[in-house]
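J.: Got a structure for you, written out below as structure tokens; questions coming shortly.
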Amino acid sequence: MKTTVIRRILEYLLVFCIILEFNTPYLIFPEVKRMIQVFPIFILLGLLIISNYSITKKVNILVFIYLVGALFPMLALRDHNYPSYIIRYVLILPLLWMYLSHRKEFGSSVYNSLFLKYSNVMVIIAVASLVMWFLCSILQVVPATSFFPYEWGSSIDFIPTYWGVYFETQSIAPLGEKIWRNTGIFNEGPMYNMALCVAFIIEYFIQPFRSKTKLWILAIAIFTTFTTTGQFFLMGIGIWSVFNRMGRRYRILLLLVVPILLYFGYVVAGTLLANKKATGGEDSMNLRTEDITWCMEAGMEHPMLGVGLTLREGESLWHGKTLGRSNSLFAVFARGGLFVLILYIGALLLIPYLYYRKYKDPKWFYAMFCFFLVFTVTVSFLNYLTLLFIAWGMSNINLKCWNSGSKAW
């Protein structure tokens, strides 16, 4: 019983670190950043120790093979970038892989406990941010308690904060009136949106018993980030939910009206993009297009190992251009080459698909596919949250069922 309590506490601490590492304003302080980045290593070691992890497990052979392969991307790095790479790809990712592989032996609820805890914490953050956003940013009945140093925007040095648990970092002006985005405890709307979308994915596909209350809280919070990705995500989930509830006869009728739905989607997409341009998003869209072009050119020039996976902020990576500022998938190709891209696609898509084909159990594959889509359009390829999902995929590389021969759900 005591071990169970300790494990639960350590898992929640690990989840907190993963969330805080996901581009939050607190990382501006070097000591805090270092602690958040390094602390998970000791938490994972502690979890493996109290779980009586055996170094003779077969999965360790695969981890060892991975570690040998992980040496090659370091050839494209400069000396001062080794620590960042080692922490992520030589320590955090293998330890997460080992822990999840071990927990897999005890059934799906135990195996998924880290992800369910992540969702629980994000629901709490979503509730707090919605209350603060409505009272502080919309009604403005509560003044900012202080100003917080900010490094995410080049033209902004300080941002309003409310007791250090809610920040006003970005705004939009759709009708000429400035409206603050709900960015919660994150540096920008897109990062908060992805964190919320991941929690929604877990609640919708992985949670054994869906909570409509949690899903609605997350959905409303996603909407208030006012991100194009978030709106498309909610539209996609809505269409998927309606499709699943339809009988076979109605699904056939639905297919007949697909052209109309596609046209409607085209109009909605055009409206969203037009609003994005009207609210100053055109520069962002141009940046994304340029960044993808540069990433493709850099990747084709250095196809095997890329130009360097982990580099310091502001370093010129390729012909004086900083790569990977708007898209994760192309950034992985440019900065890590095909060698690292195979790891990401294999863990996030290929292994879940093979597992689905073998056990006819689609929920995990659907969850990973949705994560992959959100991950692709958000710069998050170096964050611990993405490494957690990669470890989730790698822990199923042997394609063994989660419940010792029975179905996972």
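Chain labels follow the order of the structure tokens: the first chain is A, the next B, and so on; residue numbering restarts at 1 in every chain, and ligands are counted from 1 in their shown order.
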Give me the residues within 8 Å of Leu14 in chain A as an NGL selection string, counting only C-alpha atoms and dropping any in the same chain fewer than 3 places off.
T.: :A and (10-11 or 17-18 or 40 or 43-44)
J.: May I have the residues within 12 Å of Val141 in chain A as a ChimeraX atom specification, using only C-alpha atoms and disregarding those fewer than 6 positions away in the same chain?
T.: /A:131-135
J.: Include N, CA and C atoms and write out the residues we just selected as a PDB file, in the first residue's frame.
T.:
```
ATOM      1  N   VAL A 131     -11.849  30.113 -15.450  1.00  0.00           N
ATOM      2  CA  VAL A 131     -12.344  31.045 -14.434  1.00  0.00           C
ATOM      3  C   VAL A 131     -11.538  32.341 -14.471  1.00  0.00           C
ATOM      4  N   MET A 132     -10.210  32.198 -14.514  1.00  0.00           N
ATOM      5  CA  MET A 132      -9.342  33.377 -14.531  1.00  0.00           C
ATOM      6  C   MET A 132      -9.509  34.168 -15.827  1.00  0.00           C
ATOM      7  N   TRP A 133      -9.629  33.469 -16.936  1.00  0.00           N
ATOM      8  CA  TRP A 133      -9.792  34.144 -18.235  1.00  0.00           C
ATOM      9  C   TRP A 133     -11.082  34.956 -18.259  1.00  0.00           C
ATOM     10  N   PHE A 134     -12.165  34.380 -17.743  1.00  0.00           N
ATOM     11  CA  PHE A 134     -13.455  35.066 -17.774  1.00  0.00           C
ATOM     12  C   PHE A 134     -13.465  36.265 -16.822  1.00  0.00           C
ATOM     13  N   LEU A 135     -12.951  36.075 -15.607  1.00  0.00           N
ATOM     14  CA  LEU A 135     -12.993  37.149 -14.617  1.00  0.00           C
ATOM     15  C   LEU A 135     -11.930  38.215 -14.861  1.00  0.00           C
TER      16      LEU A 135
END
```
J.: Which polymer residues have any atom within 12 Å of an atom of range 51-66 of chain A, counting only C-alpha atoms, with same-chain residues fewer than 2 positions away left out, as a PDB file with C-alpha atoms, in the first residue's frame?
T.:
```
ATOM      1  CA  THR A   3       4.590   1.628  -2.405  1.00  0.00           C
ATOM      2  CA  THR A   4       1.367   2.357  -4.313  1.00  0.00           C
ATOM      3  CA  ILE A   6       4.675   6.636  -3.353  1.00  0.00           C
ATOM      4  CA  ARG A   7       4.284   5.560  -6.981  1.00  0.00           C
ATOM      5  CA  ARG A   8       1.156   7.687  -7.366  1.00  0.00           C
ATOM      6  CA  LEU A  10       5.973  10.240  -8.130  1.00  0.00           C
ATOM      7  CA  LEU A  44      11.820   7.769 -13.309  1.00  0.00           C
ATOM      8  CA  LEU A  45      14.767   6.075 -11.606  1.00  0.00           C
ATOM      9  CA  GLY A  46      12.769   6.103  -8.365  1.00  0.00           C
ATOM     10  CA  LEU A  47       9.723   4.628 -10.111  1.00  0.00           C
ATOM     11  CA  LEU A  48      11.830   1.842 -11.625  1.00  0.00           C
ATOM     12  CA  ILE A  49      13.425   1.056  -8.255  1.00  0.00           C
ATOM     13  CA  VAL A  68      23.751   2.641 -29.720  1.00  0.00           C
ATOM     14  CA  GLY A  69      21.740   4.201 -32.548  1.00  0.00           C
ATOM     15  CA  ALA A  70      21.214   7.362 -30.478  1.00  0.00           C
ATOM     16  CA  LEU A  71      24.953   8.076 -30.721  1.00  0.00           C
ATOM     17  CA  PHE A  72      24.754   8.838 -34.454  1.00  0.00           C
ATOM     18  CA  PRO A  73      22.591  12.030 -34.310  1.00  0.00           C
ATOM     19  CA  TYR A  89      17.231  11.020 -25.994  1.00  0.00           C
ATOM     20  CA  VAL A  90      19.744   9.098 -23.874  1.00  0.00           C
ATOM     21  CA  LEU A  91      18.060   9.438 -20.462  1.00  0.00           C
ATOM     22  CA  LEU A  93      13.149   8.652 -23.504  1.00  0.00           C
ATOM     23  CA  PRO A  94      14.781   5.284 -22.625  1.00  0.00           C
ATOM     24  CA  LEU A  95      13.703   5.571 -18.969  1.00  0.00           C
ATOM     25  CA  LEU A  96      10.103   6.323 -19.987  1.00  0.00           C
ATOM     26  CA  TRP A  97      10.238   3.394 -22.404  1.00  0.00           C
ATOM     27  CA  MET A  98      11.532   1.030 -19.704  1.00  0.00           C
ATOM     28  CA  TYR A  99       8.965   2.170 -17.137  1.00  0.00           C
ATOM     29  CA  LEU A 100       5.994   1.911 -19.493  1.00  0.00           C
ATOM     30  CA  SER A 101       7.161  -1.515 -20.714  1.00  0.00           C
ATOM     31  CA  HIS A 102       7.303  -2.695 -17.116  1.00  0.00           C
ATOM     32  CA  ARG A 103       3.875  -1.283 -16.213  1.00  0.00           C
ATOM     33  CA  LYS A 104       2.394  -2.871 -19.313  1.00  0.00           C
ATOM     34  CA  GLU A 105       2.651  -6.259 -17.609  1.00  0.00           C
ATOM     35  CA  PHE A 106       0.007  -5.269 -15.038  1.00  0.00           C
ATOM     36  CA  PHE A 339      17.362   8.670 -39.032  1.00  0.00           C
ATOM     37  CA  VAL A 340      15.332  10.480 -36.355  1.00  0.00           C
ATOM     38  CA  LEU A 343      11.859   7.013 -34.831  1.00  0.00           C
ATOM     39  CA  ALA A 391       7.949   5.978 -25.338  1.00  0.00           C
ATOM     40  CA  MET A 394       8.186   2.070 -28.310  1.00  0.00           C
ATOM     41  CA  SER A 395       6.890   0.123 -25.307  1.00  0.00           C
ATOM     42  CA  ASN A 396       4.661  -1.755 -27.764  1.00  0.00           C
ATOM     43  CA  ILE A 397       7.380  -2.521 -30.287  1.00  0.00           C
ATOM     44  CA  ASN A 398       7.050  -6.241 -29.461  1.00  0.00           C
ATOM     45  CA  LEU A 399       3.312  -5.991 -30.319  1.00  0.00           C
ATOM     46  CA  LYS A 400       2.357  -7.946 -27.191  1.00  0.00           C
TER      47      LYS A 400
END
```
J.: DSSP on the backbone: which residues in range 142-228 of chain A end up as strand (DSSP E or B)? Give the answer as a PyMOL selection string.
T.: chain A and resi 146-149+158-161+167+171-172+179-180
J.: What separation in Å, quoted to one decimal, exists between CA of Ala334 in chain A and CA of Glu188 in chain A?
T.: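 For CA of Ala334 in chain A relative to CA of Glu188 in chain A, the distance reads 24.1 Å.
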J.: As a PyMOL selection string, which residues of range 142-391 of chain A does DSSP assign to alpha helix (DSSP H)?
T.: chain A and resi 189-201+212-224+228-245+248-256+258-276+282-301+328-345+351-359+362-376+384-391
J.: Give me the residues near Gly308 in chain A as a PyMOL selection string, where near means some atom within 12 Å (using only C-alpha atoms) and where sequence neighbours in that chain fewer than 3 positions away do not count.
T.: chain A and resi 72-82+84-85+298-299+302-305+311-312+315-318+322-324+331-337+339-340
J.: What would the file look like if the residues just selected were written as a PDB file, in the first residue's frame with C-alpha atoms?
T.:
```
ATOM      1  CA  PHE A  72      24.754   8.838 -34.454  1.00  0.00           C
ATOM      2  CA  PRO A  73      22.591  12.030 -34.310  1.00  0.00           C
ATOM      3  CA  MET A  74      25.215  13.474 -31.956  1.00  0.00           C
ATOM      4  CA  LEU A  75      27.607  13.608 -34.912  1.00  0.00           C
ATOM      5  CA  ALA A  76      25.606  16.550 -36.299  1.00  0.00           C
ATOM      6  CA  LEU A  77      25.701  18.464 -32.995  1.00  0.00           C
ATOM      7  CA  ARG A  78      28.124  20.993 -31.598  1.00  0.00           C
ATOM      8  CA  ASP A  79      29.803  20.181 -28.292  1.00  0.00           C
ATOM      9  CA  HIS A  80      27.718  22.604 -26.225  1.00  0.00           C
ATOM     10  CA  ASN A  81      24.481  20.957 -27.403  1.00  0.00           C
ATOM     11  CA  TYR A  82      25.355  17.470 -26.144  1.00  0.00           C
ATOM     12  CA  SER A  84      20.364  18.836 -24.031  1.00  0.00           C
ATOM     13  CA  TYR A  85      20.406  15.891 -26.434  1.00  0.00           C
ATOM     14  CA  ALA A 298      17.823  21.565 -45.440  1.00  0.00           C
ATOM     15  CA  GLY A 299      16.595  17.983 -45.067  1.00  0.00           C
ATOM     16  CA  HIS A 302      21.507  16.619 -45.129  1.00  0.00           C
ATOM     17  CA  PRO A 303      19.102  13.665 -45.527  1.00  0.00           C
ATOM     18  CA  MET A 304      20.588  11.168 -43.054  1.00  0.00           C
ATOM     19  CA  LEU A 305      21.301  13.084 -39.819  1.00  0.00           C
ATOM     20  CA  LEU A 311      20.562  23.489 -30.741  1.00  0.00           C
ATOM     21  CA  ARG A 312      20.597  26.621 -28.677  1.00  0.00           C
ATOM     22  CA  GLU A 315      21.720  29.598 -33.506  1.00  0.00           C
ATOM     23  CA  SER A 316      21.867  29.775 -37.301  1.00  0.00           C
ATOM     24  CA  LEU A 317      21.179  26.268 -38.441  1.00  0.00           C
ATOM     25  CA  TRP A 318      21.129  26.338 -42.208  1.00  0.00           C
ATOM     26  CA  THR A 322      16.574  29.076 -38.008  1.00  0.00           C
ATOM     27  CA  LEU A 323      14.627  25.908 -38.834  1.00  0.00           C
ATOM     28  CA  GLY A 324      11.665  24.280 -37.149  1.00  0.00           C
ATOM     29  CA  ALA A 331      11.584  20.202 -38.319  1.00  0.00           C
ATOM     30  CA  VAL A 332      12.450  16.626 -37.343  1.00  0.00           C
ATOM     31  CA  PHE A 333      13.391  15.864 -40.949  1.00  0.00           C
ATOM     32  CA  ALA A 334      15.546  18.997 -41.271  1.00  0.00           C
ATOM     33  CA  ARG A 335      17.218  18.813 -37.880  1.00  0.00           C
ATOM     34  CA  GLY A 336      17.367  15.045 -37.330  1.00  0.00           C
ATOM     35  CA  GLY A 337      17.240  13.680 -40.862  1.00  0.00           C
ATOM     36  CA  PHE A 339      17.362   8.670 -39.032  1.00  0.00           C
ATOM     37  CA  VAL A 340      15.332  10.480 -36.355  1.00  0.00           C
TER      38      VAL A 340
END
```
